[in-house]
Amino acid sequence: MTMNNPSAVITIDGPSASGKSSVAFLVAKRLGLAYMNSGCLYRYMAHLWQAQDFRYQPGQVLDAGCFDFRLDFVLADRLRILHGDQDVSSILEDDALSNLASRIAAYPEVRSFLLGLQHSYAVQPGLVTDGRDMGLVVFPSADMKIFLTATLEERANRRAAQLSGRSVSQAVVAEQIRLRDKRDMERSAAPLKPADDAIVIDTTQMQRSAVVDQICAYYRKKCFPT
Ligand code: C5P
């Protein structure tokens, strides 16, 4: 929070299935702030990419006309993600899309294309946002930066539980997560890692509500010290 930018920004980064999106959604609701899930922007971009069978050449400047979109993140009982008045939440859950999102997210042109859109969500009274590089690249002056981790096994268990209606084994889920983490950590454009000033929370042994409580307590202490 500065005189020029009075809205607070809390960034929550971490690897796949670390629980950052559900935690960020609950923190935003509890603190009465807006929410933006940057992974959904990458996923929606991948959706448009796929729909247009977009052909990319390294170094190519992306045509704004091909990727002109804005998603609204509506904080109701559950998160609703709207494109205009269409609820696109289920489109974004597709596994194939998350893989394409992770591949196109390695292109620097895609990352810089999404930068302005991501910044536009920082409105009064503030924003909670999650992703991979929100604290390090997108909002380097954020008021509070969190980095959530958990063991691969625990993250695979959580993701497998979310997918319980589909017949996917824990081992397959773990391998998918491992590959996405590897790609996200090894890419040269904004690789996944905590910012130096991030608070790292290992959630392996924690309930989600305890993680939310801890982040809200840190925030109140940091931004509203008594
Ligand atoms: O968070 P989610 O799994 O929905 O993100 C999909 C993909 O988008 C990730 O695997 C990652 O490669 C990419 N991503 C990113 N930077 C962000 C958010 C997501 O590179 N800030």
# chains A, B, ... in the order shown; residues from 1 in each chain; ligands from 1
call {"tool": "residues_near_ligand", "arguments": {"ligand": "ligand 1", "cutoff": "7 Å", "atoms": "only C-alpha atoms and all ligand atoms", "output": "PDB file with N, CA, C and O atoms, in the first residue's frame"}}
result
ATOM      1  N   SER A  16       1.912 -26.507  -8.497  1.00  0.00           N
ATOM      2  CA  SER A  16       0.595 -27.066  -8.806  1.00  0.00           C
ATOM      3  C   SER A  16       0.031 -27.822  -7.603  1.00  0.00           C
ATOM      4  O   SER A  16       0.767 -28.548  -6.923  1.00  0.00           O
ATOM      5  N   SER A  38      -4.452 -16.048 -11.571  1.00  0.00           N
ATOM      6  CA  SER A  38      -3.712 -15.833 -12.823  1.00  0.00           C
ATOM      7  C   SER A  38      -3.619 -17.117 -13.644  1.00  0.00           C
ATOM      8  O   SER A  38      -3.540 -17.070 -14.873  1.00  0.00           O
ATOM      9  N   GLY A  39      -3.670 -18.292 -12.968  1.00  0.00           N
ATOM     10  CA  GLY A  39      -3.645 -19.552 -13.722  1.00  0.00           C
ATOM     11  C   GLY A  39      -4.839 -19.629 -14.671  1.00  0.00           C
ATOM     12  O   GLY A  39      -4.731 -20.143 -15.784  1.00  0.00           O
ATOM     13  N   CYS A  40      -5.986 -19.078 -14.229  1.00  0.00           N
ATOM     14  CA  CYS A  40      -7.181 -19.097 -15.094  1.00  0.00           C
ATOM     15  C   CYS A  40      -6.964 -18.220 -16.328  1.00  0.00           C
ATOM     16  O   CYS A  40      -7.505 -18.513 -17.402  1.00  0.00           O
ATOM     17  N   TYR A  42      -4.060 -17.794 -17.830  1.00  0.00           N
ATOM     18  CA  TYR A  42      -3.232 -18.630 -18.723  1.00  0.00           C
ATOM     19  C   TYR A  42      -4.076 -19.737 -19.350  1.00  0.00           C
ATOM     20  O   TYR A  42      -3.937 -20.063 -20.519  1.00  0.00           O
ATOM     21  N   ARG A  43      -4.968 -20.309 -18.554  1.00  0.00           N
ATOM     22  CA  ARG A  43      -5.826 -21.374 -19.090  1.00  0.00           C
ATOM     23  C   ARG A  43      -6.776 -20.829 -20.161  1.00  0.00           C
ATOM     24  O   ARG A  43      -7.010 -21.463 -21.188  1.00  0.00           O
ATOM     25  N   SER A  98      -4.787 -27.472 -19.001  1.00  0.00           N
ATOM     26  CA  SER A  98      -3.744 -27.071 -18.046  1.00  0.00           C
ATOM     27  C   SER A  98      -2.371 -27.384 -18.614  1.00  0.00           C
ATOM     28  O   SER A  98      -1.413 -26.645 -18.390  1.00  0.00           O
ATOM     29  N   ASN A  99      -2.271 -28.447 -19.397  1.00  0.00           N
ATOM     30  CA  ASN A  99      -0.978 -28.760 -20.024  1.00  0.00           C
ATOM     31  C   ASN A  99      -0.609 -27.742 -21.080  1.00  0.00           C
ATOM     32  O   ASN A  99       0.535 -27.290 -21.154  1.00  0.00           O
ATOM     33  N   ALA A 101      -1.714 -24.712 -21.180  1.00  0.00           N
ATOM     34  CA  ALA A 101      -1.444 -23.455 -20.456  1.00  0.00           C
ATOM     35  C   ALA A 101      -0.002 -23.449 -19.973  1.00  0.00           C
ATOM     36  O   ALA A 101       0.721 -22.460 -20.097  1.00  0.00           O
ATOM     37  N   SER A 102       0.441 -24.571 -19.425  1.00  0.00           N
ATOM     38  CA  SER A 102       1.800 -24.638 -18.891  1.00  0.00           C
ATOM     39  C   SER A 102       2.828 -24.519 -20.023  1.00  0.00           C
ATOM     40  O   SER A 102       3.899 -23.930 -19.847  1.00  0.00           O
ATOM     41  N   ARG A 103       2.486 -25.053 -21.214  1.00  0.00           N
ATOM     42  CA  ARG A 103       3.446 -24.938 -22.337  1.00  0.00           C
ATOM     43  C   ARG A 103       3.508 -23.503 -22.856  1.00  0.00           C
ATOM     44  O   ARG A 103       4.590 -22.950 -23.045  1.00  0.00           O
ATOM     45  N   ALA A 105       2.770 -20.851 -21.268  1.00  0.00           N
ATOM     46  CA  ALA A 105       3.245 -19.946 -20.215  1.00  0.00           C
ATOM     47  C   ALA A 105       4.773 -19.822 -20.227  1.00  0.00           C
ATOM     48  O   ALA A 105       5.330 -18.923 -19.602  1.00  0.00           O
ATOM     49  N   ALA A 106       5.437 -20.723 -20.931  1.00  0.00           N
ATOM     50  CA  ALA A 106       6.907 -20.642 -21.011  1.00  0.00           C
ATOM     51  C   ALA A 106       7.338 -19.604 -22.055  1.00  0.00           C
ATOM     52  O   ALA A 106       8.508 -19.228 -22.098  1.00  0.00           O
ATOM     53  N   ASP A 130      -3.358 -15.277  -7.009  1.00  0.00           N
ATOM     54  CA  ASP A 130      -2.473 -16.440  -6.888  1.00  0.00           C
ATOM     55  C   ASP A 130      -1.934 -16.868  -8.239  1.00  0.00           C
ATOM     56  O   ASP A 130      -2.501 -16.540  -9.276  1.00  0.00           O
ATOM     57  N   GLY A 131      -0.796 -17.559  -8.188  1.00  0.00           N
ATOM     58  CA  GLY A 131      -0.168 -18.018  -9.425  1.00  0.00           C
ATOM     59  C   GLY A 131       1.218 -18.564  -9.168  1.00  0.00           C
ATOM     60  O   GLY A 131       1.455 -19.244  -8.162  1.00  0.00           O
ATOM     61  N   ARG A 132       2.124 -18.271 -10.092  1.00  0.00           N
ATOM     62  CA  ARG A 132       3.499 -18.772  -9.966  1.00  0.00           C
ATOM     63  C   ARG A 132       4.500 -17.642  -9.764  1.00  0.00           C
ATOM     64  O   ARG A 132       5.513 -17.822  -9.110  1.00  0.00           O
ATOM     65  N   ASP A 133       4.194 -16.470 -10.357  1.00  0.00           N
ATOM     66  CA  ASP A 133       5.173 -15.366 -10.349  1.00  0.00           C
ATOM     67  C   ASP A 133       4.530 -14.064  -9.904  1.00  0.00           C
ATOM     68  O   ASP A 133       4.959 -12.983 -10.284  1.00  0.00           O
ATOM     69  N   MET A 134       3.449 -14.166  -9.138  1.00  0.00           N
ATOM     70  CA  MET A 134       2.722 -12.945  -8.800  1.00  0.00           C
ATOM     71  C   MET A 134       3.557 -12.036  -7.889  1.00  0.00           C
ATOM     72  O   MET A 134       3.570 -10.820  -8.046  1.00  0.00           O
ATOM     73  N   ARG A 180       4.526 -30.779 -14.564  1.00  0.00           N
ATOM     74  CA  ARG A 180       4.167 -29.349 -14.645  1.00  0.00           C
ATOM     75  C   ARG A 180       5.088 -28.502 -13.776  1.00  0.00           C
ATOM     76  O   ARG A 180       5.548 -27.441 -14.162  1.00  0.00           O
ATOM     77  N   ASP A 184       7.482 -25.548 -15.009  1.00  0.00           N
ATOM     78  CA  ASP A 184       7.323 -24.204 -14.432  1.00  0.00           C
ATOM     79  C   ASP A 184       8.609 -23.722 -13.747  1.00  0.00           C
ATOM     80  O   ASP A 184       8.920 -22.533 -13.761  1.00  0.00           O
TER      81      ASP A 184
END
call {"tool": "closest_atom_pairs", "arguments": {"of": "segment 67-116 of chain A", "to": "segment 152-172 of chain A", "cutoff": "12 Å", "atoms": "only C-alpha atoms", "output": "tab-separated table"}}
result
residue	atom	partner	partner_atom	distance
A:Glu93	CA	A:Leu163	CA	10.4
A:Asp94	CA	A:Leu163	CA	11.2
A:Asp95	CA	A:Leu163	CA	10.6
call {"tool": "closest_residue", "arguments": {"among": "A:Gly59, A:Gly84, A:Leu179, A:Leu148", "to": "Ser112 of chain A", "atoms": "only C-alpha atoms"}}
result
A:Gly59
call {"tool": "closest_atom_pairs", "arguments": {"of": "segment 19-63 of chain A", "to": "segment 185-205 of chain A", "cutoff": "12 Å", "atoms": "only C-alpha atoms", "output": "tab-separated table"}}
result
residue	atom	partner	partner_atom	distance
A:Gly19	CA	A:Thr203	CA	8.4
A:Lys20	CA	A:Thr203	CA	10.0
A:Val23	CA	A:Thr203	CA	10.8
